[in-house]
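Shown next: protein30.txt, containing compact mmCIF, C-alpha atoms.
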# COMPACT_ATOMS: atom_id res chain seq x y z
CA MET A 1 124.57 87.02 86.83
CA ASN A 2 121.39 88.55 85.43
CA TYR A 3 118.17 87.80 87.27
CA ILE A 4 114.43 88.35 86.99
CA ASP A 5 112.38 88.79 90.16
CA LEU A 6 108.83 87.43 89.83
CA PHE A 7 106.13 88.37 92.36
CA ALA A 8 108.73 90.85 93.56
CA GLY A 9 106.76 92.57 96.32
CA ALA A 10 108.75 95.33 98.00
CA GLY A 11 112.03 93.81 96.82
CA GLY A 12 113.36 92.21 100.02
CA LEU A 13 114.61 89.11 98.21
CA SER A 14 115.96 91.19 95.35
CA GLU A 15 117.81 93.53 97.73
CA GLY A 16 119.75 90.55 99.05
CA PHE A 17 120.79 89.51 95.55
CA LEU A 18 121.66 93.08 94.61
CA ARG A 19 123.92 93.34 97.65
CA ALA A 20 125.58 90.10 96.63
CA GLY A 21 126.52 91.58 93.25
CA PHE A 22 123.76 90.27 90.99
CA ASN A 23 122.22 92.35 88.21
CA PRO A 24 118.41 92.78 88.14
CA VAL A 25 117.01 92.70 84.62
CA ALA A 26 113.36 93.08 85.61
CA HIS A 27 111.03 93.04 88.61
CA VAL A 28 107.45 91.89 87.97
CA GLU A 29 104.83 92.82 90.56
CA MET A 30 101.09 93.49 90.38
CA ASP A 31 100.88 95.88 93.35
CA LYS A 32 101.41 99.50 92.28
CA ALA A 33 102.70 100.70 95.65
CA ALA A 34 105.28 97.90 95.82
CA CYS A 35 106.43 98.75 92.29
CA ASN A 36 107.02 102.34 93.38
CA THR A 37 109.05 101.03 96.32
CA ILE A 38 111.25 98.99 93.98
CA LYS A 39 111.73 101.96 91.66
CA THR A 40 112.82 104.10 94.59
CA ARG A 41 115.24 101.41 95.74
CA LEU A 42 116.68 101.03 92.25
CA ALA A 43 117.13 104.80 92.26
CA PHE A 44 119.16 104.46 95.46
CA HIS A 45 121.46 101.82 93.99
CA TYR A 46 121.88 103.71 90.71
CA LEU A 47 122.73 107.01 92.41
CA LYS A 48 125.05 105.32 94.89
CA SER A 49 126.98 103.60 92.10
CA ASN A 50 127.35 106.97 90.35
CA ASN A 51 128.49 108.84 93.49
CA LYS A 52 125.27 110.84 93.61
CA SER A 53 123.75 109.51 96.85
CA GLU A 54 123.02 113.07 97.99
CA ILE A 55 120.13 113.19 95.50
CA TYR A 56 118.53 110.15 97.09
CA TYR A 57 118.97 111.52 100.57
CA ALA A 58 117.49 114.83 99.47
CA TYR A 59 114.38 112.81 98.65
CA LEU A 60 114.37 111.11 102.05
CA LYS A 61 114.60 114.54 103.68
CA GLY A 62 111.60 115.74 101.68
CA GLU A 63 113.67 118.31 99.79
CA ILE A 64 112.64 116.93 96.40
CA LYS A 65 109.56 115.04 95.25
CA ARG A 66 109.47 111.47 93.97
CA SER A 67 109.06 112.63 90.38
CA GLU A 68 112.19 114.77 90.75
CA LEU A 69 114.10 111.79 92.14
CA TYR A 70 113.03 109.65 89.18
CA ASN A 71 114.14 112.37 86.76
CA HIS A 72 117.73 111.52 87.72
CA ILE A 73 117.25 107.83 86.84
CA PRO A 74 117.46 106.32 83.33
CA VAL A 75 113.99 105.64 81.94
CA LYS A 76 115.01 102.10 81.00
CA LEU A 77 115.86 101.32 84.63
CA LEU A 78 112.48 102.58 85.84
CA ASP A 79 110.77 100.64 83.06
CA SER A 80 112.44 97.46 84.28
CA VAL A 81 109.82 97.45 87.06
CA ILE A 82 106.80 95.85 85.39
CA ASN A 83 103.48 96.53 87.12
CA LEU A 84 101.39 93.67 85.75
CA PRO A 85 99.89 90.48 87.23
CA ILE A 86 101.66 87.30 86.18
CA GLY A 87 99.26 85.03 84.33
CA THR A 88 97.89 83.99 80.97
CA GLU A 89 96.37 87.41 80.23
CA PHE A 90 99.59 89.41 80.58
CA ASN A 91 102.49 86.95 80.19
CA GLU A 92 103.16 87.78 76.55
CA THR A 93 103.25 91.49 77.36
CA ILE A 94 105.62 90.83 80.26
CA PHE A 95 107.84 88.66 78.04
CA SER A 96 108.04 91.48 75.51
CA LEU A 97 108.95 94.07 78.17
CA ILE A 98 111.61 91.79 79.65
CA SER A 99 113.09 91.16 76.20
CA GLU A 100 113.50 94.92 75.76
CA GLN A 101 115.44 95.01 79.01
CA LEU A 102 117.59 92.00 78.13
CA ASN A 103 118.59 93.35 74.72
CA GLY A 104 119.97 89.96 73.72
CA GLN A 105 121.48 88.98 77.08
CA GLU A 106 120.68 85.72 78.83
CA VAL A 107 118.81 85.26 82.09
CA ASP A 108 121.00 83.39 84.59
CA LEU A 109 118.58 83.27 87.48
CA ILE A 110 114.89 83.67 88.33
CA ILE A 111 113.94 84.49 91.92
CA GLY A 112 110.68 85.10 93.74
CA GLY A 113 107.72 83.26 95.17
CA PRO A 114 103.99 83.53 94.44
CA PRO A 115 101.73 85.11 97.11
CA CYS A 116 101.72 82.73 100.04
CA GLN A 117 98.27 83.27 101.58
CA ALA A 118 96.79 80.34 99.66
CA TYR A 119 99.31 77.96 101.25
CA SER A 120 99.48 79.47 104.75
CA LEU A 121 98.02 77.54 107.66
CA VAL A 122 96.28 80.65 109.01
CA GLY A 123 94.82 81.45 105.60
CA ARG A 124 93.47 77.92 105.22
CA ALA A 125 92.01 77.98 108.73
CA ARG A 126 90.10 81.20 108.01
CA SER A 127 88.88 80.14 104.55
CA GLU A 128 85.55 78.33 104.17
CA ASP A 129 87.02 75.77 101.78
CA GLY A 130 90.56 75.77 103.15
CA MET A 131 91.75 77.91 100.22
CA LYS A 132 91.12 75.03 97.81
CA SER A 133 89.45 77.30 95.26
CA ASP A 134 92.01 80.11 95.56
CA PRO A 135 93.61 80.69 92.13
CA ARG A 136 96.90 81.57 93.83
CA ASN A 137 97.35 77.85 94.54
CA HIS A 138 98.41 77.39 90.93
CA LEU A 139 100.69 80.38 90.36
CA TYR A 140 103.66 78.01 90.41
CA VAL A 141 102.40 76.91 86.97
CA GLN A 142 103.00 80.46 85.76
CA TYR A 143 106.43 80.44 87.40
CA ALA A 144 107.27 77.35 85.36
CA LYS A 145 106.32 79.17 82.16
CA TYR A 146 109.02 81.73 82.87
CA LEU A 147 111.54 78.94 83.44
CA GLU A 148 110.54 77.48 80.09
CA LYS A 149 110.77 80.87 78.38
CA TYR A 150 114.16 82.03 79.71
CA LYS A 151 115.87 78.74 80.63
CA PRO A 152 117.92 80.24 83.49
CA LYS A 153 120.71 78.24 85.10
CA TYR A 154 119.02 78.45 88.50
CA PHE A 155 115.88 79.58 90.26
CA VAL A 156 115.15 80.48 93.89
CA PHE A 157 111.52 80.04 94.98
CA GLU A 158 110.38 81.32 98.39
CA ASN A 159 107.17 80.43 100.22
CA VAL A 160 105.55 79.57 103.55
CA LEU A 161 105.86 76.27 105.43
CA GLY A 162 102.22 75.53 104.63
CA LEU A 163 103.24 74.71 101.07
CA LYS A 164 104.47 71.34 102.34
CA SER A 165 101.07 70.42 103.79
CA ALA A 166 98.64 72.25 101.48
CA LYS A 167 96.26 69.71 99.94
CA LYS A 168 98.23 67.02 101.78
CA GLY A 169 101.41 67.91 99.92
CA THR A 170 99.86 67.57 96.48
CA TYR A 171 100.77 71.09 95.37
CA LEU A 172 104.41 70.58 96.26
CA GLN A 173 104.52 67.20 94.51
CA ASN A 174 102.90 68.63 91.38
CA MET A 175 105.28 71.57 91.49
CA GLU A 176 108.33 69.29 91.56
CA LYS A 177 106.95 67.21 88.68
CA LEU A 178 106.22 70.31 86.61
CA PHE A 179 109.66 71.85 87.22
CA LEU A 180 111.28 68.55 86.26
CA LYS A 181 109.20 68.46 83.08
CA LYS A 182 110.58 71.92 82.25
CA GLY A 183 114.12 70.63 82.77
CA TYR A 184 114.83 71.60 86.38
CA LYS A 185 115.71 69.64 89.48
CA MET A 186 115.10 71.13 92.91
CA ARG A 187 116.01 70.95 96.57
CA LEU A 188 113.77 72.23 99.34
CA TYR A 189 115.16 73.98 102.43
CA THR A 190 113.20 74.83 105.57
CA LEU A 191 114.85 77.91 107.02
CA ALA A 192 114.44 80.13 110.08
CA ALA A 193 115.27 83.79 109.53
CA ASN A 194 116.72 84.17 113.03
CA ASN A 195 119.54 81.80 112.01
CA PHE A 196 120.66 84.44 109.50
CA GLY A 197 120.91 87.41 111.85
CA VAL A 198 117.28 88.52 111.57
CA LEU A 199 115.70 89.41 114.93
CA GLN A 200 112.48 87.60 114.07
CA ASN A 201 111.10 84.08 114.28
CA ARG A 202 110.22 83.66 110.61
CA ARG A 203 110.26 80.18 109.13
CA ARG A 204 110.05 79.85 105.37
CA ILE A 205 110.67 77.40 102.55
CA ILE A 206 113.36 78.13 100.01
CA ILE A 207 113.44 75.95 96.91
CA LEU A 208 116.65 76.00 94.93
CA GLY A 209 116.27 74.77 91.38
CA TRP A 210 118.90 74.14 88.77
CA ARG A 211 118.89 73.23 85.09
CA GLU A 212 119.49 69.55 84.46
CA ASP A 213 122.71 70.17 82.57
CA ILE A 214 124.29 71.82 85.64
CA ASN A 215 125.94 69.97 88.49
CA PRO A 216 125.65 72.38 91.44
CA ASP A 217 127.58 72.26 94.71
CA LEU A 218 124.64 72.68 97.06
CA PRO A 219 125.24 74.24 100.49
CA ASP A 220 123.61 73.00 103.67
CA LEU A 221 121.58 76.10 104.42
CA GLU A 222 119.58 74.36 107.12
CA SER A 223 122.69 74.02 109.29
CA VAL A 224 123.43 77.77 109.28
CA ARG A 225 123.49 79.24 112.79
CA MET A 226 124.79 82.77 112.79
CA GLN A 227 125.74 83.31 116.43
CA THR A 228 124.36 86.48 117.93
CA ASP A 229 124.11 87.92 121.42
CA PHE A 230 121.65 90.59 120.28
CA LYS A 231 118.16 91.05 121.65
CA VAL A 232 115.12 92.54 119.94
CA ASP A 233 115.58 95.78 121.88
CA SER A 234 118.45 96.48 119.45
CA ILE A 235 115.88 97.67 116.92
CA PHE A 236 114.01 99.84 119.44
CA ASN A 237 116.48 101.45 121.81
CA ASP A 238 117.94 104.16 119.58
CA LEU A 239 114.67 105.44 118.13
CA PRO A 240 112.85 108.62 119.19
CA LYS A 241 109.95 107.87 121.53
CA ILE A 242 106.57 108.50 119.95
CA SER A 243 102.97 107.88 120.99
CA ALA A 244 100.08 106.42 119.02
CA GLY A 245 99.36 108.47 115.92
CA GLN A 246 102.68 110.30 116.09
CA GLY A 247 105.83 110.22 113.97
CA VAL A 248 107.37 111.84 110.92
CA ASP A 249 107.26 110.27 107.47
CA LYS A 250 110.14 111.91 105.68
CA PHE A 251 112.77 113.47 107.93
CA VAL A 252 113.79 113.50 111.54
CA LYS A 253 117.18 114.92 112.42
CA TYR A 254 118.47 111.78 113.96
CA ARG A 255 121.51 111.17 116.09
CA ALA A 256 124.00 108.93 114.35
CA ASP A 257 125.10 106.95 117.43
CA THR A 258 123.59 103.49 117.18
CA ASN A 259 124.28 100.05 118.60
CA GLU A 260 126.35 97.08 117.55
CA TYR A 261 123.51 95.21 115.85
CA LEU A 262 122.43 98.15 113.70
CA ASP A 263 126.02 98.81 112.67
CA GLN A 264 127.06 95.21 112.12
CA LYS A 265 124.00 94.37 110.00
CA SER A 266 124.18 97.63 107.98
CA VAL A 267 120.78 98.79 109.16
CA ARG A 268 121.78 102.38 109.92
CA ASN A 269 124.37 102.87 107.15
CA GLY A 270 125.86 105.89 108.90
CA ILE A 271 123.11 108.34 107.93
CA ASP A 272 121.46 110.98 110.12
CA ILE A 273 118.10 110.49 108.44
CA LEU A 274 115.17 108.53 109.81
CA THR A 275 112.08 107.95 107.71
CA GLN A 276 108.72 106.30 108.34
CA HIS A 277 109.02 106.13 112.11
CA ILE A 278 105.26 106.56 112.22
CA ALA A 279 102.82 104.85 114.57
CA ARG A 280 99.18 104.33 113.68
CA PRO A 281 96.54 105.93 115.93
CA HIS A 282 94.61 103.73 118.37
CA SER A 283 91.31 104.00 120.19
CA GLU A 284 91.32 104.58 123.94
CA GLN A 285 89.95 101.08 124.42
CA ASP A 286 92.78 99.50 122.45
CA LYS A 287 95.34 101.52 124.38
CA LYS A 288 93.88 100.24 127.66
CA ILE A 289 94.27 96.67 126.37
CA TYR A 290 97.83 97.43 125.22
CA ARG A 291 98.75 98.59 128.73
CA ILE A 292 97.45 95.36 130.22
CA ALA A 293 99.31 93.27 127.63
CA VAL A 294 102.62 95.13 128.10
CA ASP A 295 102.40 95.03 131.89
CA LYS A 296 101.62 91.30 131.83
CA TRP A 297 104.57 90.55 129.54
CA ASN A 298 107.18 92.88 131.01
CA ASN A 299 106.47 92.11 134.65
CA LYS A 300 105.26 88.51 134.57
CA GLY A 301 106.57 87.12 131.28
CA GLN A 302 103.03 86.10 130.35
CA ARG A 303 101.06 86.63 127.16
CA LEU A 304 97.63 88.18 127.31
CA ASP A 305 94.72 85.78 126.86
CA TYR A 306 91.82 87.71 125.35
CA ASN A 307 89.34 85.95 127.65
CA ASP A 308 91.17 87.32 130.71
CA LEU A 309 90.40 90.92 129.80
CA PRO A 310 87.76 92.82 131.79
CA GLU A 311 84.36 92.34 130.15
CA VAL A 312 84.09 96.02 129.32
CA LEU A 313 87.15 95.67 127.03
CA LYS A 314 85.94 92.59 125.17
CA THR A 315 84.32 93.52 121.86
CA HIS A 316 85.02 90.44 119.73
CA LYS A 317 82.25 87.84 119.58
CA ASN A 318 84.73 85.06 118.89
CA ARG A 319 85.85 83.86 122.33
CA HIS A 320 86.91 80.39 121.21
CA SER A 321 89.95 81.03 119.00
CA PHE A 322 92.72 83.58 118.42
CA PHE A 323 93.11 84.19 122.14
CA ASP A 324 96.45 85.90 121.50
CA ARG A 325 95.12 88.57 119.13
CA PHE A 326 96.91 91.16 121.32
CA LYS A 327 100.62 90.43 121.51
CA VAL A 328 103.66 92.39 122.66
CA VAL A 329 106.89 92.37 120.64
CA ALA A 330 109.30 90.87 123.17
CA GLN A 331 112.31 93.16 123.40
CA ASP A 332 114.16 90.92 125.87
CA LEU A 333 114.29 87.87 123.58
CA GLU A 334 116.67 87.01 120.74
CA TYR A 335 113.92 87.31 118.16
CA SER A 336 110.33 88.51 117.87
CA HIS A 337 107.31 86.61 116.63
CA THR A 338 106.64 86.63 112.88
CA VAL A 339 105.74 89.84 111.08
CA VAL A 340 102.95 89.14 108.59
CA ALA A 341 100.88 91.23 106.17
CA HIS A 342 97.99 91.48 108.66
CA ILE A 343 100.01 94.23 110.35
CA ALA A 344 98.57 96.48 107.62
CA LYS A 345 95.08 96.06 109.10
CA ASP A 346 95.82 96.69 112.76
CA GLY A 347 98.74 96.66 115.16
CA HIS A 348 97.24 94.51 117.90
CA TYR A 349 99.65 91.65 117.28
CA TYR A 350 102.67 93.96 117.32
CA ILE A 351 102.44 96.06 120.48
CA HIS A 352 105.51 98.11 121.34
CA PRO A 353 107.11 96.87 124.60
CA ASP A 354 107.46 100.39 126.10
CA ILE A 355 104.30 101.00 128.12
CA GLU A 356 104.96 104.75 128.12
CA GLN A 357 104.71 104.91 124.32
CA ASN A 358 101.58 102.74 124.44
CA ARG A 359 101.24 101.95 120.73
CA SER A 360 101.86 99.33 118.10
CA ILE A 361 105.20 99.33 116.32
CA SER A 362 106.01 101.90 113.67
CA VAL A 363 106.66 101.26 109.99
CA ARG A 364 110.41 101.67 110.56
CA GLU A 365 110.42 99.26 113.50
CA ALA A 366 108.58 96.64 111.43
CA ALA A 367 111.09 97.15 108.62
CA ARG A 368 113.99 96.65 111.03
CA LEU A 369 112.46 93.39 112.25
CA GLN A 370 112.61 92.31 108.61
CA SER A 371 116.27 93.52 108.50
CA PHE A 372 115.62 96.24 105.91
CA PRO A 373 118.17 99.07 106.10
CA ASP A 374 116.94 102.43 107.37
CA ASN A 375 117.48 104.05 103.97
CA TYR A 376 114.94 101.66 102.41
CA TYR A 377 111.81 103.71 101.73
CA PHE A 378 108.40 102.06 101.30
CA GLU A 379 106.17 103.91 98.86
CA GLY A 380 102.43 104.17 98.45
CA VAL A 381 100.53 104.56 95.21
CA LYS A 382 100.43 108.29 95.80
CA GLU A 383 103.40 110.07 97.31
CA GLY A 384 103.05 110.60 101.05
CA GLN A 385 100.12 108.20 101.53
CA ASN A 386 101.92 105.04 102.43
CA ARG A 387 101.62 103.82 106.03
CA THR A 388 99.15 100.99 105.32
CA ALA A 389 100.84 100.14 102.01
CA ALA A 390 104.22 100.08 103.75
CA PHE A 391 103.04 97.70 106.47
CA LYS A 392 101.57 95.33 103.87
CA GLN A 393 104.79 95.30 101.84
CA ILE A 394 106.95 94.73 104.91
CA GLY A 395 104.77 91.90 106.20
CA ASN A 396 104.98 90.08 102.85
CA ALA A 397 108.71 90.57 102.36
CA VAL A 398 111.66 88.20 102.50
CA PRO A 399 114.14 89.40 105.18
CA THR A 400 117.03 91.09 103.43
CA LEU A 401 119.77 89.55 105.58
CA MET A 402 118.54 86.02 104.87
CA ALA A 403 118.25 86.76 101.14
CA GLU A 404 121.77 88.18 101.02
CA TYR A 405 123.25 85.14 102.77
CA ILE A 406 121.47 82.77 100.41
CA ALA A 407 122.64 84.73 97.36
CA LYS A 408 126.26 84.79 98.48
CA THR A 409 126.31 81.16 99.58
CA LEU A 410 124.46 79.52 96.70
CA PHE A 411 126.44 81.24 94.02
CA LYS A 412 129.80 81.92 95.66
CA LYS A 413 131.54 80.31 92.69
Translate the structure of the given file into structure tokens.
Amino acid sequence: MNYIDLFAGAGGLSEGFLRAGFNPVAHVEMDKAACNTIKTRLAFHYLKSNNKSEIYYAYLKGEIKRSELYNHIPVKLLDSVINLPIGTEFNETIFSLISEQLNGQEVDLIIGGPPCQAYSLVGRARSEDGMKSDPRNHLYVQYAKYLEKYKPKYFVFENVLGLKSAKKGTYLQNMEKLFLKKGYKMRLYTLAANNFGVLQNRRRIIILGWREDINPDLPDLESVRMQTDFKVDSIFNDLPKISAGQGVDKFVKYRADTNEYLDQKSVRNGIDILTQHIARPHSEQDKKIYRIAVDKWNNKGQRLDYNDLPEVLKTHKNRHSFFDRFKVVAQDLEYSHTVVAHIAKDGHYYIHPDIEQNRSISVREAARLQSFPDNYYFEGVKEGQNRTAAFKQIGNAVPTLMAEYIAKTLFKK
């Protein structure tokens, strides 16, 4: 089945569908860094399918530059990543570019979800008008235009739980009416990523839509409970220990012995390469707070309340909300708290549980919490300048394991 990925981000949702055997026709994404990430991932899949994986791994080792990697990839494949914002101004251009990629073929499926900040509970709480004036509230209207244009058999729409309550449910109701007007029925699922083998407490909405002339056999995704005895330390315990501000972006000679979770979920993929295990630097004050937070969690099982810090360490004027702004990733639990895009701004909410390392989690550790494989490389706009861009992409992504399960289950026929 051919699919188009709208609002593609770093390609987490798309990676799941690729693994399940689907064929990406185009990815549409406005963020330049995320588009570069998708191009690099498409390069991986292309080279792997042509028995030339060594070229991709030469790139991960830093032996060749990104431009050299792309020289081995068909121009048409790279051009299938469309770096434009979806909306009235650019839709016709995007349609034209997608048509070039299709070359007369049909679109079977559209996947993707508009940016979720406008619907998120946290976003609404921090906005003066509760995000009511945010133009992203209405991007589902643009999504519907692509349904009308390509008339796919199905669509898969991902978003945050806040979509159900935003404007007292009006957006969701209007969305359903609009999709029906375009000829599509829909079913909404509320899913938890940890039920799909992801070591993270991430709850999201998945809307499955189908064309009215199709009679689908819909699975009960909400009943899925993939049994696991793994703990969050599975993503930490094999990695080299680094301190704040340390790490290597492109290549660390890395021992291949892993653990059952990493092997079973295809995170390691049998390679001796480790990229982007980089930790951001922290001030001495933050590191003092981190030590207190880690000690409190590891030895007492208690979260740090900001107001309990010594006065000398309190710099925020807001003492009445967001008491848990410093939070340790719990390695002894079956899943961590949710990774969100704010991780790109600071690491206070994602403190590494090892007090000796005394830092927030690295790019690679965040990617593993989202179930991305270790050979997934997150690009920046410029080559080699990508830590912040990588964190943002990871925080916004759909966990790959959940996406793959959905793809295989929904369309197993």
Between atom CA of A:Phe44 and atom CA of A:Leu84 - distance in Å to one decimal | 22.9 Å
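Within 12 Å of the point (109.6, 69.4, 85.9), counting all atoms listed in the file, the protein and nucleic acid residues come to A:Tyr140, A:Val141, A:Tyr143, A:Ala144, A:Lys145, A:Leu147, A:Glu148, A:Leu172, A:Gln173, A:Asn174, A:Met175, A:Glu176, A:Lys177, A:Leu178, A:Phe179, A:Leu180, A:Lys181, A:Lys182, A:Gly183, A:Tyr184, A:Lys185, A:Met186, A:Gly209, A:Trp210, A:Arg211, A:Glu212.
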For each of A:Gln370, A:Ser336, A:Gln285, A:Asn103, take the minimum atom-to-atom distance to A:Asn358, counting all atoms listed in the file, then give the residue where this is smallest.
->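 Closest to A:Asn358 of all the choices is A:Gln285.
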Enter the distance from atom CA of A:His277 to atom CA of A:Pro399, in Å, rounded to one decimal.
-> 18.8 Å
Nearby residues (only C-alpha atoms) at most 10 Å from A:Asn83, same-chain spacing under 6 positions excluded, as a list in words =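 Answer for this query is His27, Val28, Glu29, Met30, Asp31, Lys32, Ala33, Ala34, Cys35, Asn36 and Ile94 of chain A.
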Okay, now the selection with C-alpha atoms, as a PDB file, in the coordinates of the input?
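The resulting file, part01.pdb, is shown below:
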ATOM      1  CA  HIS A  27     111.030  93.040  88.610  1.00  0.00           C
ATOM      2  CA  VAL A  28     107.450  91.890  87.970  1.00  0.00           C
ATOM      3  CA  GLU A  29     104.830  92.820  90.560  1.00  0.00           C
ATOM      4  CA  MET A  30     101.090  93.490  90.380  1.00  0.00           C
ATOM      5  CA  ASP A  31     100.880  95.880  93.350  1.00  0.00           C
ATOM      6  CA  LYS A  32     101.410  99.500  92.280  1.00  0.00           C
ATOM      7  CA  ALA A  33     102.700 100.700  95.650  1.00  0.00           C
ATOM      8  CA  ALA A  34     105.280  97.900  95.820  1.00  0.00           C
ATOM      9  CA  CYS A  35     106.430  98.750  92.290  1.00  0.00           C
ATOM     10  CA  ASN A  36     107.020 102.340  93.380  1.00  0.00           C
ATOM     11  CA  ILE A  94     105.620  90.830  80.260  1.00  0.00           C
TER      12      ILE A  94
END
What is the distance between atom CA of A:Gly113 and atom CA of A:Leu78, in Å to one decimal?
-> 22.0 Å
Looking at all atoms listed in the file, which of A:Asp354, A:Glu260, A:Asp346, A:Asp217 is the one that sits closest to A:Ser243?
->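 Going through A:Asp354, A:Glu260, A:Asp346, A:Asp217 one by one, the smallest distance to A:Ser243 is for A:Asp354.
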Contacts of A:Ile271 within 10 Å, only C-alpha atoms, excl. fewer than 3 positions in-chain, as a count of residues only = 11
Selection: 12 Å around A:Pro24, only C-alpha atoms, excl. self and same-chain fewer than 6 positions, as a PyMOL selection string = chain A and resi 1-6+8+11+13-18+38-39+41-42+45-46+77-78+80-81+98+101-102+106-111
